[in-house]
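Data file: coords_28.csv. Format and content: CSV, C-alpha atoms.
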chain,number,residue,atom,x,y,z
A,1,MET,CA,10.4,-12.3,-36.3
A,2,ALA,CA,7.5,-13.9,-34.4
A,3,GLU,CA,8.3,-14.0,-30.7
A,4,ARG,CA,6.5,-17.1,-29.5
A,5,LEU,CA,6.0,-19.0,-32.7
A,6,VAL,CA,8.0,-22.2,-33.0
A,7,THR,CA,9.2,-23.4,-36.4
A,8,VAL,CA,9.5,-27.1,-36.7
A,9,ILE,CA,11.7,-28.3,-39.6
A,10,MET,CA,11.2,-31.8,-41.0
A,11,PRO,CA,13.4,-33.1,-43.9
A,12,ALA,CA,11.8,-36.0,-45.7
A,13,ARG,CA,13.0,-38.6,-48.2
A,14,ASN,CA,10.9,-41.6,-49.2
A,15,ALA,CA,9.2,-41.5,-45.8
A,16,ALA,CA,5.7,-42.5,-46.8
A,17,LEU,CA,5.5,-45.3,-44.2
A,18,THR,CA,6.3,-43.1,-41.2
A,19,ILE,CA,5.8,-39.4,-42.0
A,20,GLY,CA,2.1,-39.4,-41.1
A,21,LYS,CA,2.8,-40.3,-37.5
A,22,SER,CA,5.6,-37.7,-37.3
A,23,ILE,CA,3.4,-34.9,-38.6
A,24,GLN,CA,0.5,-35.9,-36.4
A,25,SER,CA,2.8,-35.8,-33.3
A,26,VAL,CA,3.4,-32.1,-34.1
A,27,ARG,CA,-0.3,-31.5,-34.6
A,28,ASP,CA,-1.0,-33.1,-31.2
A,29,GLN,CA,1.2,-30.7,-29.4
A,30,SER,CA,-0.4,-28.9,-26.4
A,31,PHE,CA,1.4,-25.8,-27.6
A,32,THR,CA,-0.4,-24.7,-30.8
A,33,ASP,CA,1.5,-21.7,-32.1
A,34,TRP,CA,3.8,-23.6,-34.4
A,35,GLN,CA,4.6,-23.8,-38.1
A,36,LEU,CA,5.8,-27.0,-39.6
A,37,ILE,CA,8.0,-26.8,-42.7
A,38,VAL,CA,8.4,-30.1,-44.4
A,39,VAL,CA,11.2,-30.2,-47.0
A,40,ASP,CA,10.6,-33.1,-49.4
A,41,ASP,CA,14.1,-34.1,-50.7
A,42,ALA,CA,12.8,-35.4,-54.1
A,43,SER,CA,11.0,-38.4,-52.7
A,44,GLU,CA,10.2,-41.2,-55.1
A,45,ASP,CA,7.3,-42.6,-53.1
A,46,ARG,CA,4.0,-41.1,-51.8
A,47,THR,CA,5.7,-38.8,-49.3
A,48,TYR,CA,4.8,-35.6,-51.2
A,49,ASP,CA,1.2,-36.6,-51.5
A,50,ILE,CA,0.8,-37.5,-47.8
A,51,VAL,CA,2.3,-34.2,-46.7
A,52,LYS,CA,0.2,-32.3,-49.2
A,53,TRP,CA,-2.9,-33.9,-47.7
A,54,PHE,CA,-1.9,-32.8,-44.2
A,55,ALA,CA,-1.1,-29.3,-45.4
A,56,ALA,CA,-4.6,-29.0,-46.9
A,57,GLN,CA,-6.1,-29.9,-43.5
A,58,ASP,CA,-3.8,-27.6,-41.4
A,59,PRO,CA,-2.6,-24.2,-42.6
A,60,ARG,CA,0.3,-24.3,-40.1
A,61,ILE,CA,2.0,-26.9,-42.3
A,62,ARG,CA,4.1,-25.7,-45.2
A,63,LEU,CA,5.5,-28.1,-47.9
A,64,LEU,CA,8.5,-27.5,-50.0
A,65,ARG,CA,9.6,-30.0,-52.7
A,66,LEU,CA,13.2,-30.0,-53.9
A,67,PRO,CA,13.5,-30.8,-57.6
A,68,ALA,CA,16.5,-33.2,-57.0
A,69,GLN,CA,17.9,-35.1,-54.0
A,70,GLN,CA,20.3,-32.8,-52.2
A,71,GLY,CA,20.7,-34.5,-48.8
A,72,VAL,CA,19.4,-33.9,-45.3
A,73,ALA,CA,21.7,-31.0,-44.5
A,74,HIS,CA,20.5,-29.0,-47.5
A,75,ALA,CA,16.9,-29.9,-46.7
A,76,ARG,CA,17.2,-28.6,-43.1
A,77,ASN,CA,19.0,-25.5,-44.3
A,78,ARG,CA,16.2,-24.7,-46.8
A,79,GLY,CA,13.8,-25.0,-43.8
A,80,LEU,CA,15.9,-22.6,-41.8
A,81,ASP,CA,15.9,-20.1,-44.7
A,82,LEU,CA,12.1,-20.2,-44.7
A,83,ALA,CA,11.7,-19.9,-41.0
A,84,ARG,CA,10.5,-16.6,-39.6
A,85,SER,CA,10.3,-17.4,-35.9
A,86,ARG,CA,12.6,-16.9,-33.0
A,87,PHE,CA,12.6,-20.5,-31.9
A,88,VAL,CA,13.3,-23.5,-34.1
A,89,ALA,CA,13.0,-27.3,-33.4
A,90,PHE,CA,13.8,-30.3,-35.6
A,91,LEU,CA,11.9,-33.5,-36.1
A,92,ASP,CA,12.8,-36.2,-38.7
A,93,SER,CA,10.1,-37.9,-40.7
A,94,ASP,CA,10.3,-41.2,-38.8
A,95,ASP,CA,10.5,-39.8,-35.3
A,96,THR,CA,7.7,-38.5,-33.0
A,97,TRP,CA,7.2,-36.1,-30.1
A,98,GLU,CA,5.2,-36.4,-26.9
A,99,PRO,CA,2.3,-33.9,-26.8
A,100,GLU,CA,3.9,-31.6,-24.1
A,101,LYS,CA,7.3,-31.4,-25.8
A,102,LEU,CA,7.1,-27.9,-27.3
A,103,GLN,CA,5.1,-26.4,-24.3
A,104,LYS,CA,7.6,-27.6,-21.7
A,105,GLN,CA,10.7,-26.6,-23.7
A,106,LEU,CA,9.4,-23.1,-24.6
A,107,ALA,CA,8.4,-22.4,-21.0
A,108,PHE,CA,11.8,-23.6,-19.8
A,109,MET,CA,13.7,-21.4,-22.3
A,110,TYR,CA,11.9,-18.3,-21.1
A,111,GLU,CA,12.3,-19.3,-17.5
A,112,SER,CA,16.0,-20.2,-17.7
A,113,GLY,CA,17.2,-18.0,-20.5
A,114,THR,CA,19.0,-20.9,-22.1
A,115,PRO,CA,19.5,-20.4,-25.9
A,116,ILE,CA,19.5,-24.2,-26.5
A,117,THR,CA,17.5,-26.9,-24.7
A,118,TYR,CA,17.1,-30.6,-25.3
A,119,SER,CA,15.6,-33.6,-23.5
A,120,ALA,CA,15.7,-37.3,-22.8
A,121,TYR,CA,14.2,-39.5,-25.6
A,122,ARG,CA,13.1,-43.1,-26.1
A,123,ARG,CA,14.7,-45.4,-28.6
A,124,VAL,CA,11.8,-47.4,-30.2
A,125,ASP,CA,11.5,-50.1,-32.8
A,126,ALA,CA,9.2,-50.0,-35.9
A,127,GLU,CA,6.2,-51.1,-33.8
A,128,GLY,CA,6.8,-48.4,-31.2
A,129,ASN,CA,8.2,-50.7,-28.5
A,130,THR,CA,10.8,-49.1,-26.2
A,131,LEU,CA,14.3,-50.4,-26.7
A,132,GLY,CA,15.9,-48.0,-24.2
A,133,ILE,CA,15.8,-44.5,-22.8
A,134,VAL,CA,18.6,-42.0,-23.5
A,135,THR,CA,18.9,-39.6,-20.6
A,136,PRO,CA,21.4,-36.7,-21.3
A,137,PRO,CA,23.2,-34.6,-18.7
A,138,THR,CA,21.3,-31.6,-17.3
A,139,LYS,CA,24.0,-29.3,-18.8
A,140,VAL,CA,26.1,-29.8,-21.9
A,141,THR,CA,29.2,-27.8,-22.8
A,142,TRP,CA,31.3,-27.7,-26.0
A,143,LYS,CA,34.0,-29.8,-24.3
A,144,MET,CA,31.4,-32.4,-23.2
A,145,MET,CA,30.1,-32.6,-26.8
A,146,LEU,CA,33.5,-33.4,-28.1
A,147,LYS,CA,33.3,-36.7,-26.2
A,148,ALA,CA,29.7,-37.6,-27.0
A,149,ASN,CA,26.7,-36.3,-28.8
A,150,HIS,CA,24.6,-35.4,-25.8
A,151,ILE,CA,22.0,-33.4,-27.8
A,152,GLY,CA,19.5,-35.6,-29.6
A,153,ASN,CA,18.5,-33.5,-32.6
A,154,LEU,CA,14.9,-34.6,-32.4
A,155,THR,CA,14.7,-33.2,-28.9
A,156,ALA,CA,16.5,-29.8,-29.4
A,157,MET,CA,15.1,-26.3,-29.6
A,158,TYR,CA,17.2,-23.1,-30.0
A,159,ASP,CA,16.9,-19.4,-30.1
A,160,ARG,CA,17.7,-18.2,-33.7
A,161,THR,CA,18.2,-14.6,-32.7
A,162,LEU,CA,21.4,-15.6,-31.0
A,163,LEU,CA,22.6,-17.9,-33.8
A,164,PRO,CA,21.2,-16.4,-37.0
A,165,GLN,CA,23.8,-17.7,-39.4
A,166,LEU,CA,24.0,-21.3,-38.0
A,167,ARG,CA,23.5,-23.9,-40.7
A,168,PHE,CA,24.0,-27.6,-41.3
A,169,LYS,CA,27.1,-28.8,-43.1
A,170,PRO,CA,26.9,-31.6,-45.7
A,171,VAL,CA,29.0,-34.0,-43.6
A,172,GLY,CA,28.2,-37.3,-41.9
A,173,ASN,CA,26.6,-36.9,-38.4
A,174,GLU,CA,25.7,-33.3,-39.6
A,175,ASP,CA,23.5,-32.7,-36.5
A,176,TYR,CA,26.4,-33.3,-34.2
A,177,ILE,CA,28.5,-30.7,-36.0
A,178,PHE,CA,25.6,-28.3,-35.9
A,179,TRP,CA,25.3,-28.4,-32.2
A,180,ILE,CA,29.1,-28.4,-31.7
A,181,GLN,CA,29.2,-25.2,-33.7
A,182,ALA,CA,26.3,-23.7,-31.8
A,183,LEU,CA,27.9,-24.3,-28.4
A,184,GLU,CA,31.3,-23.0,-29.6
A,185,GLU,CA,29.7,-19.8,-31.0
A,186,LEU,CA,27.6,-19.2,-27.9
A,187,GLY,CA,30.4,-19.8,-25.4
A,188,ARG,CA,27.9,-21.1,-22.8
A,189,PRO,CA,26.3,-24.5,-22.1
A,190,ALA,CA,22.9,-25.8,-23.2
A,191,LEU,CA,20.4,-26.9,-20.6
A,192,ALA,CA,18.1,-30.0,-20.5
A,193,THR,CA,14.4,-29.3,-20.2
A,194,PRO,CA,13.2,-30.8,-16.8
A,195,SER,CA,10.7,-33.5,-17.4
A,196,ASP,CA,9.5,-36.6,-15.6
A,197,LYS,CA,9.6,-38.6,-18.8
A,198,PRO,CA,11.2,-38.5,-22.3
A,199,LEU,CA,9.8,-35.9,-24.6
A,200,ALA,CA,10.5,-37.7,-27.9
A,201,ARG,CA,10.7,-41.1,-29.6
A,202,TYR,CA,13.6,-41.9,-31.9
A,203,ARG,CA,12.7,-44.7,-34.3
A,204,VAL,CA,15.5,-47.2,-34.7
A,205,SER,CA,15.3,-48.6,-38.2
A,206,ASP,CA,17.3,-51.4,-39.9
A,207,ASN,CA,19.5,-48.8,-41.5
A,208,SER,CA,20.5,-47.4,-38.1
A,209,LEU,CA,21.7,-50.8,-36.6
A,210,SER,CA,25.1,-52.4,-36.4
A,211,GLY,CA,25.7,-52.4,-40.2
A,212,ASN,CA,26.2,-48.6,-40.1
A,213,LYS,CA,28.4,-48.4,-37.0
A,214,LEU,CA,31.6,-48.5,-39.1
A,215,ARG,CA,30.3,-45.8,-41.4
A,216,SER,CA,29.3,-43.6,-38.5
A,217,ALA,CA,32.8,-44.1,-37.0
A,218,ARG,CA,34.3,-43.0,-40.3
A,219,TRP,CA,32.1,-39.9,-40.4
A,220,GLN,CA,33.0,-39.0,-36.9
A,221,TRP,CA,36.7,-39.4,-37.6
A,222,GLN,CA,36.4,-37.0,-40.5
A,223,ASN,CA,34.5,-34.6,-38.3
A,224,TYR,CA,37.3,-34.5,-35.7
A,225,ARG,CA,40.1,-34.3,-38.3
A,226,LYS,CA,38.5,-32.0,-40.9
A,227,SER,CA,35.5,-30.1,-39.5
A,228,LEU,CA,37.2,-29.5,-36.1
A,229,GLY,CA,40.8,-29.7,-37.3
A,230,PHE,CA,42.1,-32.0,-34.5
A,231,SER,CA,45.4,-33.9,-34.6
A,232,ILE,CA,45.4,-37.6,-35.1
A,233,LEU,CA,46.1,-38.2,-31.4
A,234,ARG,CA,43.4,-35.9,-30.2
A,235,SER,CA,40.9,-37.3,-32.8
A,236,SER,CA,41.7,-40.9,-31.6
A,237,TYR,CA,41.0,-40.0,-28.0
A,238,TYR,CA,37.7,-38.4,-28.8
A,239,LEU,CA,36.6,-41.1,-31.2
A,240,THR,CA,37.2,-43.7,-28.5
A,241,THR,CA,35.1,-41.7,-25.9
A,242,TYR,CA,32.4,-41.2,-28.6
A,243,ALA,CA,32.2,-44.9,-29.4
A,244,ILE,CA,32.0,-45.9,-25.8
A,245,HIS,CA,29.1,-43.4,-25.2
A,246,GLY,CA,27.3,-44.7,-28.3
A,247,LEU,CA,27.5,-48.3,-26.9
A,248,LEU,CA,26.2,-47.2,-23.5
A,249,LYS,CA,23.3,-45.3,-25.2
A,250,ARG,CA,22.1,-48.5,-26.8
A,251,ARG,CA,21.8,-50.5,-23.6
A,252,PRO,CA,18.2,-51.7,-23.0
A,253,GLY,CA,16.2,-49.6,-20.6
A,254,LYS,CA,12.9,-49.5,-18.9
A,255,GLY,CA,10.0,-47.8,-20.6

Rendering of file as structure tokens:
Amino acid sequence: MAERLVTVIMPARNAALTIGKSIQSVRDQSFTDWQLIVVDDASEDRTYDIVKWFAAQDPRIRLLRLPAQQGVAHARNRGLDLARSRFVAFLDSDDTWEPEKLQKQLAFMYESGTPITYSAYRRVDAEGNTLGIVTPPTKVTWKMMLKANHIGNLTAMYDRTLLPQLRFKPVGNEDYIFWIQALEELGRPALATPSDKPLARYRVSDNSLSGNKLRSARWQWQNYRKSLGFSILRSSYYLTTYAIHGLLKRRPGKG
């Protein structure tokens, strides 16, 4: 397993309009020892052709095309199956990173010994305008994650040698359950990478606005009840705290 190589896993489904910028933000990293695995989840637009072009320009990019749509959890898991590095990070096909993201996080992981790190990120619109900045706590424990998803998946990096069997489950808010399981298995907190500015940009699309809040709440309820096995009372308490945090996260901020 490559010690300093970072594998970046990018699931993609009909992302022709955005994936070029996402891939380029990986290519623009100041840290250059990375491999990008793009898993095309049977896209019906030009996603495959765009990624194939990038892969022809850069041997660090690997493209896998699934024969039928299987969902984002399966796509990320296929990427994990192909990864051969110690460190893994995730970036969706409509989000981007700042150039120093990988370098800062890898240095911090070696310095602090934390097996999971994450950072602040910007919420931006389709034109790249800042809608707000999400600043997480400097330390996140399993109990803290029960109340809110403090680890933005696009900002996270983890040490696979300590969590070799960790995989995404095919549930709603699958990234939340992934990091919940990681913290529970480790039995220790994750630490935020120190930075004077956010290290990633989360693109808020029409599909991620108010129309999906009810669906997200249903997913989260199922996560508390089924994935975590909580009682109705305990699930109700945590769903309330989760919803409040979600509203606060969407407040406009300076950028």

Would you list the contacts of region 71-74 of chain A as number ranges by chain, taking every protein, DNA or RNA residue within 8 Å and counting all atoms listed in the file, but skipping same-chain residues closer than 6 positions in sequence? A: 11-12, 41, 168-171, 174

Identify which of the residues A:Gly152, A:Gly246, A:Gly20, A:Pro67 lies closest to Ile116 (chain A), counting only C-alpha atoms when measuring atom-to-atom distances.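 For Ile116 (chain A), the nearest of the given residues is A:Gly152.
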
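Nearest-residue note for Gln220 (chain A): choosing from A:Leu186, A:Asp49, A:Asp196, A:Gly172, the minimum distance belongs to A:Gly172, counting all atoms listed in the file.
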
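CA of Asp58 (chain A) is found 21.9 Å from CA of Leu154 (chain A).
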
I'd like a table as JSON lines: residues in region 129-224 of chain A with an atom no more than 12 Å from region 97-113 of chain A, each row giving the shortest atom pair and its distance in Å to one decimal, all atoms listed in the file counted, sorted by chain and rising residue number.
{"residue": "A:Asn153", "atom": "CA", "partner": "A:Trp97", "partner_atom": "CA", "distance": 11.9}
{"residue": "A:Leu154", "atom": "CA", "partner": "A:Trp97", "partner_atom": "CA", "distance": 8.2}
{"residue": "A:Thr155", "atom": "CA", "partner": "A:Trp97", "partner_atom": "CA", "distance": 8.1}
{"residue": "A:Ala156", "atom": "CA", "partner": "A:Gln105", "partner_atom": "CA", "distance": 8.7}
{"residue": "A:Met157", "atom": "CA", "partner": "A:Gln105", "partner_atom": "CA", "distance": 7.4}
{"residue": "A:Tyr158", "atom": "CA", "partner": "A:Met109", "partner_atom": "CA", "distance": 8.6}
{"residue": "A:Asp159", "atom": "CA", "partner": "A:Met109", "partner_atom": "CA", "distance": 8.7}
{"residue": "A:Leu162", "atom": "CA", "partner": "A:Gly113", "partner_atom": "CA", "distance": 11.6}
{"residue": "A:Arg188", "atom": "CA", "partner": "A:Gly113", "partner_atom": "CA", "distance": 11.4}
{"residue": "A:Pro189", "atom": "CA", "partner": "A:Gly113", "partner_atom": "CA", "distance": 11.3}
{"residue": "A:Ala190", "atom": "CA", "partner": "A:Gly113", "partner_atom": "CA", "distance": 10.0}
{"residue": "A:Leu191", "atom": "CA", "partner": "A:Ser112", "partner_atom": "CA", "distance": 8.5}
{"residue": "A:Ala192", "atom": "CA", "partner": "A:Gln105", "partner_atom": "CA", "distance": 8.7}
{"residue": "A:Thr193", "atom": "CA", "partner": "A:Gln105", "partner_atom": "CA", "distance": 5.8}
{"residue": "A:Pro194", "atom": "CA", "partner": "A:Phe108", "partner_atom": "CA", "distance": 7.9}
{"residue": "A:Ser195", "atom": "CA", "partner": "A:Lys104", "partner_atom": "CA", "distance": 7.9}
{"residue": "A:Asp196", "atom": "CA", "partner": "A:Lys104", "partner_atom": "CA", "distance": 11.0}
{"residue": "A:Lys197", "atom": "CA", "partner": "A:Glu98", "partner_atom": "CA", "distance": 9.5}
{"residue": "A:Pro198", "atom": "CA", "partner": "A:Glu98", "partner_atom": "CA", "distance": 7.8}
{"residue": "A:Leu199", "atom": "CA", "partner": "A:Glu98", "partner_atom": "CA", "distance": 5.2}
{"residue": "A:Ala200", "atom": "CA", "partner": "A:Trp97", "partner_atom": "CA", "distance": 4.3}
{"residue": "A:Arg201", "atom": "CA", "partner": "A:Trp97", "partner_atom": "CA", "distance": 6.1}
{"residue": "A:Tyr202", "atom": "CA", "partner": "A:Trp97", "partner_atom": "CA", "distance": 8.8}
{"residue": "A:Arg203", "atom": "CA", "partner": "A:Trp97", "partner_atom": "CA", "distance": 11.0}

Grab the CA of Glu184 (chain A) to CA of Arg167 (chain A) distance for me, in Å with one decimal place.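 So the two atoms, CA of Glu184 (chain A) and CA of Arg167 (chain A), lie 13.6 Å apart.
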
Just the residues within 12 Å of region 217-219 of chain A, please, counting all atoms listed in the file, with nothing from its chain fewer than 6 positions along; format it as a VMD selection string. chain A and resid 170 to 177 210 to 211 225 to 227 235 to 236 238 to 244 246

Per-residue nearest contacts region 11-62 of chain A to region 77-80 of chain A, cut-off 12 Å, using all atoms listed in the file, as a tab-separated table:
residue	atom	partner	partner_atom	distance
A:Pro11	CA	A:Gly79	CA	8.1
A:Ala12	CA	A:Gly79	CA	11.3
A:Gln35	CA	A:Gly79	CA	10.9
A:Leu36	CA	A:Gly79	CA	9.3
A:Ile37	CA	A:Gly79	CA	6.2
A:Val38	CA	A:Gly79	CA	7.5
A:Val39	CA	A:Gly79	CA	6.6
A:Asp40	CA	A:Gly79	CA	10.4
A:Asp41	CA	A:Arg78	CA	10.4
A:Arg62	CA	A:Gly79	CA	9.8

Okay, now the selection with C-alpha atoms, as an mmCIF file, in the frame of the given file?
data_model
loop_
_atom_site.group_PDB
_atom_site.id
_atom_site.type_symbol
_atom_site.label_atom_id
_atom_site.label_comp_id
_atom_site.auth_asym_id
_atom_site.auth_seq_id
_atom_site.Cartn_x
_atom_site.Cartn_y
_atom_site.Cartn_z
ATOM 1 C CA PRO A 11 13.400 -33.100 -43.900
ATOM 2 C CA ALA A 12 11.800 -36.000 -45.700
ATOM 3 C CA GLN A 35 4.600 -23.800 -38.100
ATOM 4 C CA LEU A 36 5.800 -27.000 -39.600
ATOM 5 C CA ILE A 37 8.000 -26.800 -42.700
ATOM 6 C CA VAL A 38 8.400 -30.100 -44.400
ATOM 7 C CA VAL A 39 11.200 -30.200 -47.000
ATOM 8 C CA ASP A 40 10.600 -33.100 -49.400
ATOM 9 C CA ASP A 41 14.100 -34.100 -50.700
ATOM 10 C CA ARG A 62 4.100 -25.700 -45.200
#

Give the answer as one residue: which of A:His150, A:Arg215, A:Arg76, A:Arg27 has the shortest atom-to-atom distance to Tyr118 (chain A), using only C-alpha atoms? A:His150

Of the listed residues A:Thr135, A:Arg46, A:Arg65, A:Phe54, that which approaches His245 (chain A) most closely, counting all atoms listed in the file: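 Comparing A:Thr135, A:Arg46, A:Arg65, A:Phe54 against His245 (chain A), the winner is A:Thr135.
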
Counting all atoms listed in the file, which residue out of A:Asn14, A:Asn129, A:Thr138, A:Thr7 sits closest to Thr32 (chain A)?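 Among the listed residues, A:Thr7 lies closest to Thr32 (chain A).
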
Surrounding residues of Gln57 (chain A) excluding itself and chain neighbours under 4 positions, 12 Å, only C-alpha atoms, as an MDAnalysis selection string: chainID A and resid 23:24 27 50:53 61:62

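Going from CA of Thr47 (chain A) to CA of Glu127 (chain A) covers 19.8 Å.
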
Of the listed residues A:Val134, A:Leu228, A:Ala126, A:Ile9, that which approaches Val26 (chain A) most closely, counting only C-alpha atoms: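 Ranking A:Val134, A:Leu228, A:Ala126, A:Ile9 by distance to Val26 (chain A), first place goes to A:Ile9.
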
Identify the residues around (32.3, -27.5, -32.3) within a radius of 8 Å, measuring from only C-alpha atoms in the coordinates stated by the file, and give them as number ranges by chain. A: 142, 145-146, 177-184, 228
